[in-house]
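Let me begin by presenting the structure, written as structure tokens, before commenting on it.
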Amino acid sequence: MSTVTPNLAVKYPRTRDTGGGDPPSYGGGNGDGHGNHGASDYGDRLRRARLGLVIGLTAVIMLFVGFTSALLVRKGLPTFDQQTNTYSRDWVPINLPWILLLVNTAVLLVSSATMEFARRDITRQAALAPVKSIPGVSLGDEQRFPWLGSTVILGFGFLAGQFLVWRVLHERHTFVNSNPSSSFAYLLFATHAAHLAGGVIALVWAAATALLRRPVESRRIVIDIAAWYWHFMALLWIYIVTLLLIAR
Amino acid sequence: MATSEIVHAHAAPQGFIRKYIFSLDHKVIGIQYFFLALTAVWVGMILSLLMRIHMIWPNADLPIVGHIQPETYLSILTMHGTIMVFFVLTTAPQGGFGNYFLPIQIGAPDMAFPVLNMLSFWTTFVAFVVILAAFFVTGGAPLHGWTGYPPLSAIQSTGPGEGLGADLWITSIAIFCAASLMGALNFITTTLDLRAKGMSMFRMPLTVWSWFITAILGLLAFGVLLSAGILLLMDRNLGTSFYVPLVVVNGQIMLHKGGSPLLWQHLFWFFGHPEVYIAILPGMGVASQLLSTFSRKPIFGYKAMVYAMLAIGFLGFMVWGHHMFMSGMSPYSAFAFSILTMGIGVPSAIKTFNWLGTIWGGRVRFHSPMLFAVGFVSLFVSGGLSGPFLAQPTLDIPLHDTAFVVGHFHLIMGVAAIFGIFAATYYWVPKMFGRMMNETLGRVHFWFTLIGTYAIFMPMHYLGMAGQPRRYSQFTEVAYLQHLIPLNKFITYCAVITIAAQVVFVINLFWTIFKGPKASDNPWEATTLEWTTATPPPHDNFGGHTPVVHNGPYEYGVPGAARDYIMQNDPATSPNPAH
Amino acid sequence: MGLALLAVIWLITFVSTYFFIWHPWWLPTAASAAAAGIDRQFTFTYIVMGVVFVLAQCSLGLFVWKYRDRGSATPVSYSHGNTKMEIAWTILTAVLFVGLNLMGRPIWAAERFQPAGDGALPVEVTGMQFAWYFRYAGPDGKFGLTNPKLMDPSAGSEAAIGLDTSDPAAKDDVVTGTMVLPVNRQVDLTLRAVDVIHSFFIPNMRFKQDAVPGLAIKMHFTPTQIGDYEIACAELCGLGHYKMHGMVKVVSPEDFDKWLAAREAEKQ
């Protein structure tokens, strides 16, 4: 049995990242050394952040996949009623306040638009930042619309709208435990609202980074990610409303 | 979702808090996860010892705990399973070693999102505190098993512990889901985006592949567990009826109606089956890595190993129904699930053949890491071969919910996966702490644990065939179980000895960390990137020199080479370095 | 060390195999029509898996000893694998595993895809924390209605399951705490649960099925030997899970008829 010599004196060449003289990297994908430049290459950081967001949204999707399959199963599975010796389903369609939900949807879609304008705005700012540092150059567009602030306000508006939906349902004596359909409606609305509230917090943080005078490239990444997340929240909302409409 | 600033161009953090408590360094976070898992495994082992003692001496008055009631036994059982599955098997291999070595093995300075990494550890820690709190509230910890089937788990009056204790249990698991999802996000992004120049996907070590695939499984599975847990919390506290039909508990008609207990089982096992692959895949990666390193031969069939792990991951999402053959599910679905389950045995078998093929024709060195890697293969075979019994619904009829199942999953998860963790520890402690572990103590630990765990869990198959059900706190009430008590006693004695032997490991570990002999940069003469850097690695892992990779991960014994191993960043030797 | 590993791995393998072959602890005596098929499938799987177990473990032990490092002269066969072998053992394993499963399909189909035949004896089993109750339909062959509001275990077996005596079909239902069955007659079983999931497990009959609240699950089996057989609950149901115990008494058809008649008479 061989023994290990802890003081193995083999020297092997330490390869440095010398750039041009290296042999071509084998295989595709990302074995081309982006990681080491991550600290200073904002393009890479943005791409990495977007990749992280897509992966994170997959997890959120799976949460709602769980809820959706639970809804479909709960709606379809009958239980044995011993007082009639038969199987019966207890799914009762509920009356949702559709007008209010439509208004909520409109608010969210408008907020998606304002969010997108905010995202494009910061992208433009980040692209033009090197130009702006040239003394005496002005792009004449210092008057900028507060797209980000508008989105935050619309976000709060949406959450207020959700609270109103909850109130209306309570007035109709449709509570979370009234019947399985109402349980799912409350569940889906509440979970979406919780995720959206997280998005609002991210937007407030994005606005704060502007006040804290962080570099524009960093702010761009924050707002870009928050924007895609926000659009996803809008899509998720449309999905939830459609699901509740179809599977009512 | 704020991104984090990667600041490795800066100097290492100063101050105790930044360096050791809220560190952003994946190496520190990996060690934090490791010690969390080490704490959890001792809690879990002591709980199992109490269980085994109670099973054969149900009326004993024990020190500290006194006389254990049947409901307390079930609480201990529930917490043992939950703590071991989540806080040991899902934490140590992935959060511990994966966090520490994934970035280094791909040549990266840290994980993609260091702040998220730090948050994922502390969230796991909070989850651990919450679940331990369940022991101390009124009613104590829940008694519904780690699987938590409603209506038992959904109604507060079905038993002691089903009050606040059960709510804390669900909350802890929900927090753990969030922590795992954060970790999965980091692992996947890092693997896809931070590989060094030349580190193509098919040059990654199999350990990296295993952590990557495990993270994908976690990403897709934990969201569904979270959804199941939220529905259960609602049934328990808001009066909804997702899982609970009309039931009468303790003479009271409950207000629930129309719910389906099977809905929980589907959601839980959709998570639960991938979870067991999450528990074993990193161990498979470590076994591959170590068998190759210590046989001084490339891994047999690197690509087949990758495809096998991918197949296991993919098929793992399609077999959850094999936990539900007796549940009242459609027998036609049961049959479909069983065919898929037999299918998933195929890639596992391929991996076993390839491990044997790696040792064949090699030059085996018997250091402690290798002993545990060999033990892993043996235990994986033993635990795996009871699978085809349970996968057949016909045979599941007598065997479901018996000790046969307990023997099966303990051999695979409770021993093989643990051997993977031990192997990784003995292998990587020199790199993590710069000191060599004591070989003699390692061998003592190995022999006692290998023989002891076989002695504990192999007889459970016999008990299961004889019809001993699971989760019985004692065997005094059923006549046909009486003749099985002597074998149960034997198991308990072996458990006492085996658990005592783990003290040897703990002594070795702590003594090594503080007083062990210094380790060189590459004491095992291994090829992967962590062995190219200093021991322990500097803050940015490679001391400012980002590696460039030219070779595959297991180039051992290359004919004509100057020495019997070629490191991944050595100059290219063969025209086709990636396999 | 290689020799020690070989010795211990082989020893563990042979000791396990010895106990598997000698089996001092084995499947309980078979007492139902389905048992023979299930036991045959079990034994076949057992032998096949046993052979694989011995071969795999012994190879592992052999290889770690045979290919131990014996100094610098030890040859290493540098190889990244063998695709032909990979394909071969993949196909073999797939055929073996899937084949085993398909072999058992007819038994599963007979047990679960078909309902009970004509002439089967209808028996309803109700599980609750922590006892089993058995209901016989009586001369009208129909089970009467039950009502959770009428449940009162302290008032006898009929009240335990909440039998609704206002339903005419319920008047002749007999409810007992022991399951009595006539030998060689198929049982048309309906499984119910009152509070949590239980599992009706008769080891000697090779019968197991979860009893789920909200469902009335139809199953069947045929007892083929006269005798007393134990029922064990096989799904964790609370603190009394370990003592949720019952008895099945299989008797001759004449004795069964006498017993049932006596129970009917008691109700008058």
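A note on labels: chains of the structure tokens are A, B, ... as shown, every chain counts residues from 1, and ligands are counted from 1 in their shown order.
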Open item on the list: For the helix (DSSP H, G or I) assignment from backbone DSSP, which residues of segment 26-177 of chain C qualify? Please present them as a PyMOL selection string.
Closed with: chain C and resi 35-66+83-113+148-150+153-155+157-160+168-170
Can you write out as JSON lines which residues of chain A fall within 6 Å of chain C, alongside each residue's closest atom pair and its distance in Å to one decimal, counting only C-alpha atoms and ordering rows by chain and ascending residue number?
{"residue": "A:Met1", "atom": "CA", "partner": "C:Asp69", "partner_atom": "CA", "distance": 5.6}
{"residue": "A:Thr79", "atom": "CA", "partner": "C:Gly214", "partner_atom": "CA", "distance": 4.9}
{"residue": "A:Phe80", "atom": "CA", "partner": "C:Gly214", "partner_atom": "CA", "distance": 5.1}
{"residue": "A:Gln82", "atom": "CA", "partner": "C:Thr146", "partner_atom": "CA", "distance": 5.8}
{"residue": "A:Gln83", "atom": "CA", "partner": "C:Leu145", "partner_atom": "CA", "distance": 5.7}
Kindly export the residues of the current selection with C-alpha atoms, as an mmCIF file, in the first residue's frame.
data_model
loop_
_atom_site.group_PDB
_atom_site.id
_atom_site.type_symbol
_atom_site.label_atom_id
_atom_site.label_comp_id
_atom_site.auth_asym_id
_atom_site.auth_seq_id
_atom_site.Cartn_x
_atom_site.Cartn_y
_atom_site.Cartn_z
ATOM 1 C CA MET A 1 0.000 0.000 0.000
ATOM 2 C CA THR A 79 -65.569 12.177 -1.683
ATOM 3 C CA PHE A 80 -67.817 9.497 -0.265
ATOM 4 C CA GLN A 82 -72.049 8.259 3.849
ATOM 5 C CA GLN A 83 -75.467 9.762 4.223
#
Once you count only C-alpha atoms, what closest atom pair and distance in Å to one decimal does each residue of chain C within 6 Å of chain B have, with rows by chain and rising residue number, as a tab-separated table?
residue	atom	partner	partner_atom	distance
C:Trp25	CA	B:Tyr462	CA	5.8
C:Trp26	CA	B:Ala466	CA	5.0
C:Leu27	CA	B:Ala466	CA	4.6
C:Pro28	CA	B:Ala466	CA	5.9
C:Phe63	CA	B:Trp360	CA	5.8
C:Tyr67	CA	B:Gly362	CA	5.4
C:Arg68	CA	B:Val364	CA	4.3
C:Asp69	CA	B:Arg363	CA	4.2
C:Val76	CA	B:Gly362	CA	5.1
C:Ser77	CA	B:Gly361	CA	5.3
C:Tyr78	CA	B:Gly557	CA	5.8
C:His80	CA	B:Phe300	CA	5.2
C:Gly81	CA	B:Gly301	CA	4.4
C:Thr93	CA	B:Val346	CA	5.9
C:Ala94	CA	B:Val346	CA	5.8
C:Phe97	CA	B:Met342	CA	5.5
C:Val98	CA	B:Met342	CA	5.8
C:Asn101	CA	B:Gln392	CA	5.7
C:Trp108	CA	B:Thr394	CA	5.3
C:Val194	CA	B:Val247	CA	5.6
C:Asp195	CA	B:Val247	CA	4.9
C:Val196	CA	B:Pro151	CA	5.1
C:Arg206	CA	B:Pro398	CA	5.4
C:Lys208	CA	B:Ile397	CA	5.6
C:Gln209	CA	B:Met326	CA	5.2
C:Asp210	CA	B:Ser327	CA	5.3
C:Gly214	CA	B:Pro245	CA	5.2
C:Ala234	CA	B:Pro469	CA	5.9
C:Leu239	CA	B:Glu71	CA	4.6
C:Tyr242	CA	B:Tyr472	CA	4.7
C:Lys243	CA	B:Glu477	CA	5.5
Write a file of the selected residues as a PDB file, in the first residue's frame, keeping C-alpha atoms.
ATOM      1  CA  TRP C  25     -37.740 -15.005   9.847  1.00  0.00           C
ATOM      2  CA  TRP C  26     -39.892 -15.373   6.780  1.00  0.00           C
ATOM      3  CA  LEU C  27     -43.203 -14.413   5.240  1.00  0.00           C
ATOM      4  CA  PRO C  28     -46.083 -15.521   7.483  1.00  0.00           C
ATOM      5  CA  PHE C  63     -11.367  -5.860  -7.307  1.00  0.00           C
ATOM      6  CA  TYR C  67      -6.010  -4.202  -8.063  1.00  0.00           C
ATOM      7  CA  ARG C  68      -4.326  -2.868  -4.947  1.00  0.00           C
ATOM      8  CA  ASP C  69      -1.237  -0.767  -5.379  1.00  0.00           C
ATOM      9  CA  VAL C  76      -2.547   0.610 -14.568  1.00  0.00           C
ATOM     10  CA  SER C  77      -4.811   0.077 -17.498  1.00  0.00           C
ATOM     11  CA  TYR C  78      -5.558   3.631 -18.623  1.00  0.00           C
ATOM     12  CA  HIS C  80     -11.925   6.002 -20.259  1.00  0.00           C
ATOM     13  CA  GLY C  81     -14.425   3.184 -20.568  1.00  0.00           C
ATOM     14  CA  THR C  93     -30.368  -4.373 -16.725  1.00  0.00           C
ATOM     15  CA  ALA C  94     -33.356  -2.766 -18.420  1.00  0.00           C
ATOM     16  CA  PHE C  97     -35.824  -4.914 -14.230  1.00  0.00           C
ATOM     17  CA  VAL C  98     -38.711  -4.242 -16.565  1.00  0.00           C
ATOM     18  CA  ASN C 101     -42.116  -6.036 -13.181  1.00  0.00           C
ATOM     19  CA  TRP C 108     -51.670  -7.123  -9.707  1.00  0.00           C
ATOM     20  CA  VAL C 194     -63.580   7.745  10.181  1.00  0.00           C
ATOM     21  CA  ASP C 195     -60.826  10.096  11.282  1.00  0.00           C
ATOM     22  CA  VAL C 196     -57.347   9.616   9.791  1.00  0.00           C
ATOM     23  CA  ARG C 206     -50.977 -10.956   1.739  1.00  0.00           C
ATOM     24  CA  LYS C 208     -52.996  -4.585   2.509  1.00  0.00           C
ATOM     25  CA  GLN C 209     -54.977  -1.502   1.615  1.00  0.00           C
ATOM     26  CA  ASP C 210     -55.049   1.971   3.150  1.00  0.00           C
ATOM     27  CA  GLY C 214     -63.614  10.379   2.396  1.00  0.00           C
ATOM     28  CA  ALA C 234     -50.110  -0.375   8.603  1.00  0.00           C
ATOM     29  CA  LEU C 239     -50.451   7.292  19.461  1.00  0.00           C
ATOM     30  CA  TYR C 242     -49.112   0.036  17.603  1.00  0.00           C
ATOM     31  CA  LYS C 243     -52.166  -1.424  19.310  1.00  0.00           C
TER      32      LYS C 243
END
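Distances to Leu77 of chain B were evaluated for B:Phe542, B:Phe34, B:Trp146, B:Phe505 using only C-alpha atoms, and the minimum falls at B:Trp146.
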TODO: In Å, rounded to a single decimal, give me how far atom CA of Thr532 of chain B is from atom CA of Gln14 of chain B.
DONE: 26.1 Å
Open item on the list: So that I can see what lies close to segment 188-199 of chain A, please list as a PyMOL selection string the residues with an atom at most 8 Å from it, counting only C-alpha atoms and leaving out residues fewer than 2 positions away in the same chain.
Closed with: (chain A and resi 67+155+159+162+184-186+201-203+226+229-230+233+236-237+240) or (chain B and resi 1)
Open item on the list: So, with only C-alpha atoms as the atoms that count, which of B:Ser157, B:Ser292, B:Asn569, B:Thr78 lies closest to chain A?
Closed with: B:Asn569
Task: One-decimal distance in Å that lies between atom CA of Ile231 of chain C and atom CA of Ser199 of chain C - done: 9.6 Å
- [ ] Mind giving me the straight-line distance from atom CA of Thr83 of chain C to atom CA of Phe337 of chain B in Å, one decimal?
- [x] 29.5 Å
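Taking only C-alpha atoms into account, chain A lies nearest to B:Phe270 out of the set B:Trp320, B:Tyr33, B:Trp122, B:Phe270.
Distances to Phe163 of chain A were evaluated for A:Asn95, A:Thr242, A:Asn104, A:Thr84 using only C-alpha atoms, and the minimum falls at A:Asn104.
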Open item on the list: Taking only C-alpha atoms into account, name the residue in B:Ile491, B:Leu62, B:Met460, B:Leu217 that is nearest to chain A.
Closed with: B:Leu217
Task: Residue contacts of segment 52-54 of chain C (7 Å, only C-alpha atoms) excluding same-chain residues fewer than 4 positions away, as a count of residues only - done: 4
